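Novice: One structure, pasted below without further comment.
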Amino acid sequence: MIRVRFAPSPTGYLHLGNVRTALFNYLFAKANGGKFILRVEDTDKERSRKEYLESQKEDLLWMGLRWDEGPEVDGPYGPYLQSERLEIYRTHIQKLLDEGKAYYCYVTEQEVEEMKHLAKLERRPPHFDNRGRNFTQKEIEERKTRGVKPTVRFKIEHPELSLHDLVRGDVSFNLDEMVGDFVIQRADGMPTFHMAVVVDDAFMKITHIIRGEDHLSNTPKHILLQRALGFPTPQYGHLSLVHGPGGEPLSKRLSSVSVREFRKAGYLPYALCNYISLLGWAPPEGHEILKWDELIHEFDLMKVSKSSSNFDQDKLNWVNGEHLRLLSDQDFCRYAMTYLKIQGLLTKDEDKVHGILPIFKDNIQRFDQLPSRLEVLNDEFPYEEIHCLQTPEGREVVQAALEVLTVQAAQPALDYQAFIDGIKPKVKVKGKDLFHPLRMALTGKLNGPELKRIFPVLGMEKVKKRLEQAQKS
RNA sequence: GGCGCUAUCGUCUAGCCUGAUCUAGGACGUUGCCCUCUCAAGGCAAAAACACGGGUUUAAAUCCCGUUAGCGCUACCA
């Protein structure tokens, strides 16, 4: 049974890079009949915040990435918040201590800083020199009386290590050149990330660890820890990082790529997933627009690119537009209404909005373009471009349209084709010069759905009123 | 600085492992044309890339070495 996890720390909002990792985990699990687990890495008391945790869960759910085990869902290996698992880490740290694989280190944080500083000056690799390993009993006593609180460090004994990474292939490390003995328990008694991850992944029976490339250099530490504790080593897959449009690394500060912003902008969640999947991966058949089920079926972790990629808003917009067009009118309305309601943008009569929504389907890429489109329903609206109404030709068109209306007034329903056919012989212009003033007069905009479709929803009375309004401009 | 990772059109990528089928394919974007009595949507077409330098080979985008550039890690953050 394949078991994967997504393990965010609640120190900010989820962004494109985070959810890509989550998505790839999810897709990998689902394609293989496995389980997707959510674990919260909140051992950093300073930076972890409850509101971030809530927003992260909310965003994940919105994306459609429902976890099989985790907060609120539970499962056989909980709890799923690291802050509630402290006892488990403690016993394992004790075990390492008892077996001499780790030791209390009385070197202060300040000393470590100095060491690093000095190393930098001397142009040496700035890593810990393991001095705490060899303190005499006297030195330790002396430091204890000074009030020094010890950390626990893991002894690195076998620094040579290589692994086969699911996405990167064979990778090898020599820890001697990278780091010294590393901290597994802080002076305040809290476990560090390395300790917690290793213990949790083992206890939660994680088989595949799919995470960002930023963890690649941590992996040897984790493997060493697993060996020392007698845990199996899971399969690793390190995903390349996603960068911003300019090639700069994505950071939590860039709110423009946070899931919340995408949600606000009116993207379809699975369109977003579809786009994200395209970052570093290409569907074998070349069809890039994939429905949720197809995505699960086609996605292949082994085919994910090793190099990092840049986020491209234009392509996301295109993907979303394509998905919008794939929707039935009914579904389009449902999604659109939900969006408008949640974002508090539904300021007009619900039935009216509902009735007109489908005509915009071919015309928008995201739902946040809807409010502007819906202005057609207003009794008054600004003209986006008044110029075409003020030219002699423009006035002629409006005038002619009004004349046709009075002639047709006797008829029960306004017929679009008859309306246009009526106007044509009365004016010299045609094509663009004919339709632009009409569109402007009726909708106030340069573009939008076909006039043919706008016409019936407006009705005779409104059309007439608008033309008269345009005449005055 | 050390260690690790990466390198194909502006962007996302196919091809690389298993050299010849690559005058390098697709998609977004861009430009042009068509469709429609308008914009958009749709259709068609064009411009656009193997980072650089050395090898190996009859033959290299593909294998090897080096250079350059970017990124990551180098925390008592995760």
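By order of appearance in the structure tokens: chains A, B, ..., then residues from 1 within every chain, and ligands from 1 in the order shown.
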I'd like the neighbourhood of Thr11 (chain A) as a VMD selection string, where a residue qualifies if any of its atoms comes within 7 Å (using only C-alpha atoms (C1' of nucleotides)), though same-chain residues fewer than 4 positions away should be ignored.

Specialist: chain A and resid 47 to 49 52

Novice: Write out as a list in words each polymer residue whose atoms come within 9 Å of Ile276 (chain A), counting only C-alpha atoms (C1' of nucleotides); drop sequence neighbours fewer than 4 positions from it.

Specialist: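 My list of contacting residues is Leu16, Gly17, Val19, Arg20, Leu23, Ala271, Leu272, Gly280, Phe311 and Leu316 of chain A.
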
Novice: Show me, as a Markdown table, the residues of region 293-398 of chain A having an atom within 9 Å of region 461-468 of chain A, each with the closest atom pair and its distance in Å, using only C-alpha atoms.

Specialist:
```
| residue | atom | partner | partner_atom | distance |
| --- | --- | --- | --- | --- |
| A:Asp379 | CA | A:Lys462 | CA | 8.2 |
| A:Glu380 | CA | A:Arg466 | CA | 8.7 |
| A:Val398 | CA | A:Leu467 | CA | 6.2 |
```

Novice: With a distance threshold of 9 Å and counting only C-alpha atoms (C1' of nucleotides), extract the residues of chain B near chain A and express them as a ChimeraX atom specification.

Specialist: /B:1-7,11-14,26-29,37-41,70-74,76-78

Novice: Could you pull the residues within 12 Å of U67 (chain B), counting only C-alpha atoms (C1' of nucleotides), minus those fewer than 5 positions along the same chain, as an NGL selection string?

Specialist: :B and (51-54)

Novice: Report the residues of region 179-251 of chain A whose backbone DSSP state falls under strand (DSSP E or B), written as a PyMOL selection string.

Specialist: chain A and resi 182-185+191+208-212+235-239+242-243+249

Novice: Work out how far apart CA of Thr338 (chain A) and CA of Gly266 (chain A) are and give it in Å to one decimal.

Specialist: 10.2 Å

Novice: Could you state the separation of CA of His354 (chain A) and CA of Ala441 (chain A) in Å, given to one decimal place?

Specialist: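 Interatomic distance here is 23.1 Å.
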
Novice: What lies within 12 Å of Ala336 (chain A) using only C-alpha atoms (C1' of nucleotides), ignoring chain neighbours under 2 positions off, as a PDB file with N, CA and C atoms, in the first residue's frame?

Specialist:
```pdb
ATOM      1  N   ALA A 265      -9.426  35.285  -7.828  1.00  0.00           N
ATOM      2  CA  ALA A 265      -9.430  35.681  -9.238  1.00  0.00           C
ATOM      3  C   ALA A 265     -10.430  34.861 -10.044  1.00  0.00           C
ATOM      4  N   GLY A 266     -11.013  33.857  -9.429  1.00  0.00           N
ATOM      5  CA  GLY A 266     -12.040  33.114 -10.133  1.00  0.00           C
ATOM      6  C   GLY A 266     -11.524  32.050 -11.064  1.00  0.00           C
ATOM      7  N   TYR A 267     -10.516  31.331 -10.635  1.00  0.00           N
ATOM      8  CA  TYR A 267     -10.076  30.171 -11.405  1.00  0.00           C
ATOM      9  C   TYR A 267     -10.852  28.951 -10.932  1.00  0.00           C
ATOM     10  N   LEU A 268     -11.057  28.026 -11.822  1.00  0.00           N
ATOM     11  CA  LEU A 268     -11.648  26.748 -11.452  1.00  0.00           C
ATOM     12  C   LEU A 268     -10.555  25.946 -10.742  1.00  0.00           C
ATOM     13  N   LEU A 324     -13.491  26.322 -18.744  1.00  0.00           N
ATOM     14  CA  LEU A 324     -14.771  27.036 -18.678  1.00  0.00           C
ATOM     15  C   LEU A 324     -15.632  26.652 -19.872  1.00  0.00           C
ATOM     16  N   LEU A 327     -17.396  23.315 -19.838  1.00  0.00           N
ATOM     17  CA  LEU A 327     -18.506  23.172 -18.890  1.00  0.00           C
ATOM     18  C   LEU A 327     -19.858  23.261 -19.617  1.00  0.00           C
ATOM     19  N   SER A 328     -20.842  22.529 -19.129  1.00  0.00           N
ATOM     20  CA  SER A 328     -22.201  22.720 -19.637  1.00  0.00           C
ATOM     21  C   SER A 328     -22.695  24.058 -19.107  1.00  0.00           C
ATOM     22  N   ASP A 329     -23.717  24.619 -19.766  1.00  0.00           N
ATOM     23  CA  ASP A 329     -24.254  25.896 -19.305  1.00  0.00           C
ATOM     24  C   ASP A 329     -24.652  25.824 -17.842  1.00  0.00           C
ATOM     25  N   GLN A 330     -25.237  24.695 -17.527  1.00  0.00           N
ATOM     26  CA  GLN A 330     -25.724  24.503 -16.169  1.00  0.00           C
ATOM     27  C   GLN A 330     -24.580  24.539 -15.148  1.00  0.00           C
ATOM     28  N   ASP A 331     -23.532  23.773 -15.441  1.00  0.00           N
ATOM     29  CA  ASP A 331     -22.393  23.747 -14.527  1.00  0.00           C
ATOM     30  C   ASP A 331     -21.701  25.100 -14.475  1.00  0.00           C
ATOM     31  N   PHE A 332     -21.592  25.718 -15.644  1.00  0.00           N
ATOM     32  CA  PHE A 332     -20.977  27.039 -15.692  1.00  0.00           C
ATOM     33  C   PHE A 332     -21.708  27.988 -14.743  1.00  0.00           C
ATOM     34  N   CYS A 333     -23.020  27.974 -14.818  1.00  0.00           N
ATOM     35  CA  CYS A 333     -23.815  28.832 -13.943  1.00  0.00           C
ATOM     36  C   CYS A 333     -23.592  28.499 -12.479  1.00  0.00           C
ATOM     37  N   ARG A 334     -23.558  27.216 -12.196  1.00  0.00           N
ATOM     38  CA  ARG A 334     -23.401  26.806 -10.809  1.00  0.00           C
ATOM     39  C   ARG A 334     -22.081  27.307 -10.237  1.00  0.00           C
ATOM     40  N   THR A 338     -21.619  30.347  -7.434  1.00  0.00           N
ATOM     41  CA  THR A 338     -20.899  30.077  -6.197  1.00  0.00           C
ATOM     42  C   THR A 338     -19.772  31.087  -6.010  1.00  0.00           C
ATOM     43  N   TYR A 339     -19.043  31.298  -7.081  1.00  0.00           N
ATOM     44  CA  TYR A 339     -17.936  32.250  -7.010  1.00  0.00           C
ATOM     45  C   TYR A 339     -18.432  33.641  -6.628  1.00  0.00           C
ATOM     46  N   LEU A 340     -19.442  34.109  -7.346  1.00  0.00           N
ATOM     47  CA  LEU A 340     -19.953  35.462  -7.106  1.00  0.00           C
ATOM     48  C   LEU A 340     -20.458  35.619  -5.678  1.00  0.00           C
ATOM     49  N   LYS A 341     -21.112  34.590  -5.195  1.00  0.00           N
ATOM     50  CA  LYS A 341     -21.648  34.664  -3.834  1.00  0.00           C
ATOM     51  C   LYS A 341     -20.529  34.709  -2.807  1.00  0.00           C
ATOM     52  N   ILE A 342     -19.599  33.782  -2.930  1.00  0.00           N
ATOM     53  CA  ILE A 342     -18.523  33.708  -1.952  1.00  0.00           C
ATOM     54  C   ILE A 342     -17.683  34.985  -1.941  1.00  0.00           C
ATOM     55  N   GLN A 343     -17.473  35.540  -3.116  1.00  0.00           N
ATOM     56  CA  GLN A 343     -16.647  36.741  -3.172  1.00  0.00           C
ATOM     57  C   GLN A 343     -17.455  38.000  -2.884  1.00  0.00           C
ATOM     58  N   LEU A 345     -19.821  39.320  -4.679  1.00  0.00           N
ATOM     59  CA  LEU A 345     -19.935  40.137  -5.880  1.00  0.00           C
ATOM     60  C   LEU A 345     -21.326  40.064  -6.494  1.00  0.00           C
ATOM     61  N   LEU A 346     -22.205  39.369  -5.797  1.00  0.00           N
ATOM     62  CA  LEU A 346     -23.548  39.201  -6.339  1.00  0.00           C
ATOM     63  C   LEU A 346     -24.431  40.330  -5.843  1.00  0.00           C
ATOM     64  N   GLU A 350     -30.696  37.737  -8.376  1.00  0.00           N
ATOM     65  CA  GLU A 350     -30.094  36.433  -8.617  1.00  0.00           C
ATOM     66  C   GLU A 350     -30.626  35.736  -9.872  1.00  0.00           C
ATOM     67  N   VAL A 353     -29.296  37.374 -13.034  1.00  0.00           N
ATOM     68  CA  VAL A 353     -27.894  37.016 -13.244  1.00  0.00           C
ATOM     69  C   VAL A 353     -27.809  35.596 -13.782  1.00  0.00           C
ATOM     70  N   HIS A 354     -28.545  34.735 -13.149  1.00  0.00           N
ATOM     71  CA  HIS A 354     -28.537  33.336 -13.546  1.00  0.00           C
ATOM     72  C   HIS A 354     -28.941  33.168 -15.006  1.00  0.00           C
ATOM     73  N   GLY A 355     -29.908  33.934 -15.419  1.00  0.00           N
ATOM     74  CA  GLY A 355     -30.406  33.826 -16.783  1.00  0.00           C
ATOM     75  C   GLY A 355     -29.415  34.284 -17.832  1.00  0.00           C
ATOM     76  N   ILE A 356     -28.611  35.238 -17.466  1.00  0.00           N
ATOM     77  CA  ILE A 356     -27.719  35.838 -18.468  1.00  0.00           C
ATOM     78  C   ILE A 356     -26.339  35.182 -18.500  1.00  0.00           C
ATOM     79  N   LEU A 357     -25.966  34.540 -17.401  1.00  0.00           N
ATOM     80  CA  LEU A 357     -24.623  33.988 -17.247  1.00  0.00           C
ATOM     81  C   LEU A 357     -24.091  33.171 -18.445  1.00  0.00           C
ATOM     82  N   PRO A 358     -24.884  32.245 -18.980  1.00  0.00           N
ATOM     83  CA  PRO A 358     -24.337  31.374 -20.026  1.00  0.00           C
ATOM     84  C   PRO A 358     -23.813  32.120 -21.247  1.00  0.00           C
ATOM     85  N   PHE A 360     -21.923  34.450 -21.399  1.00  0.00           N
ATOM     86  CA  PHE A 360     -20.540  34.910 -21.230  1.00  0.00           C
ATOM     87  C   PHE A 360     -19.518  33.788 -21.299  1.00  0.00           C
ATOM     88  N   LYS A 361     -19.991  32.587 -21.420  1.00  0.00           N
ATOM     89  CA  LYS A 361     -19.100  31.429 -21.307  1.00  0.00           C
ATOM     90  C   LYS A 361     -17.920  31.475 -22.287  1.00  0.00           C
ATOM     91  N   ILE A 364     -15.050  34.786 -21.372  1.00  0.00           N
ATOM     92  CA  ILE A 364     -14.203  35.106 -20.231  1.00  0.00           C
ATOM     93  C   ILE A 364     -13.180  34.001 -19.995  1.00  0.00           C
ATOM     94  N   GLN A 365     -12.140  34.359 -19.283  1.00  0.00           N
ATOM     95  CA  GLN A 365     -11.135  33.367 -18.922  1.00  0.00           C
ATOM     96  C   GLN A 365     -11.217  33.031 -17.434  1.00  0.00           C
ATOM     97  N   ARG A 366     -11.717  34.003 -16.685  1.00  0.00           N
ATOM     98  CA  ARG A 366     -11.866  33.766 -15.248  1.00  0.00           C
ATOM     99  C   ARG A 366     -13.133  34.454 -14.763  1.00  0.00           C
ATOM    100  N   PHE A 367     -13.608  33.984 -13.632  1.00  0.00           N
ATOM    101  CA  PHE A 367     -14.860  34.504 -13.109  1.00  0.00           C
ATOM    102  C   PHE A 367     -14.756  35.954 -12.644  1.00  0.00           C
ATOM    103  N   ASP A 368     -13.564  36.417 -12.354  1.00  0.00           N
ATOM    104  CA  ASP A 368     -13.499  37.804 -11.878  1.00  0.00           C
ATOM    105  C   ASP A 368     -13.773  38.811 -12.997  1.00  0.00           C
ATOM    106  N   GLN A 369     -13.933  38.298 -14.221  1.00  0.00           N
ATOM    107  CA  GLN A 369     -14.308  39.192 -15.317  1.00  0.00           C
ATOM    108  C   GLN A 369     -15.826  39.342 -15.394  1.00  0.00           C
ATOM    109  N   LEU A 370     -16.520  38.551 -14.611  1.00  0.00           N
ATOM    110  CA  LEU A 370     -17.970  38.544 -14.660  1.00  0.00           C
ATOM    111  C   LEU A 370     -18.628  39.854 -14.203  1.00  0.00           C
ATOM    112  N   PRO A 371     -18.225  40.398 -13.060  1.00  0.00           N
ATOM    113  CA  PRO A 371     -18.914  41.607 -12.591  1.00  0.00           C
ATOM    114  C   PRO A 371     -18.955  42.710 -13.642  1.00  0.00           C
ATOM    115  N   LEU A 374     -21.454  41.824 -16.206  1.00  0.00           N
ATOM    116  CA  LEU A 374     -22.830  41.879 -15.705  1.00  0.00           C
ATOM    117  C   LEU A 374     -23.384  43.297 -15.650  1.00  0.00           C
TER     118      LEU A 374
END
```

Novice: Rounded to one decimal in Å, what is the spacing between C1' of A48 (chain B) and C1' of U31 (chain B)?

Specialist: 11.4 Å

Novice: List every residue of region 11-64 of chain A that DSSP, applied to the backbone, labels as helix (DSSP H, G or I), and write the result as a VMD selection string.

Specialist: chain A and resid 16 to 31 50 to 63

Novice: If we count only C-alpha atoms (C1' of nucleotides) and set the cut-off at 12 Å, which residues sit around G55 (chain B), ignoring sequence neighbours fewer than 3 positions away in its own chain? Please answer as a PyMOL selection string.

Specialist: chain B and resi 60+63-66
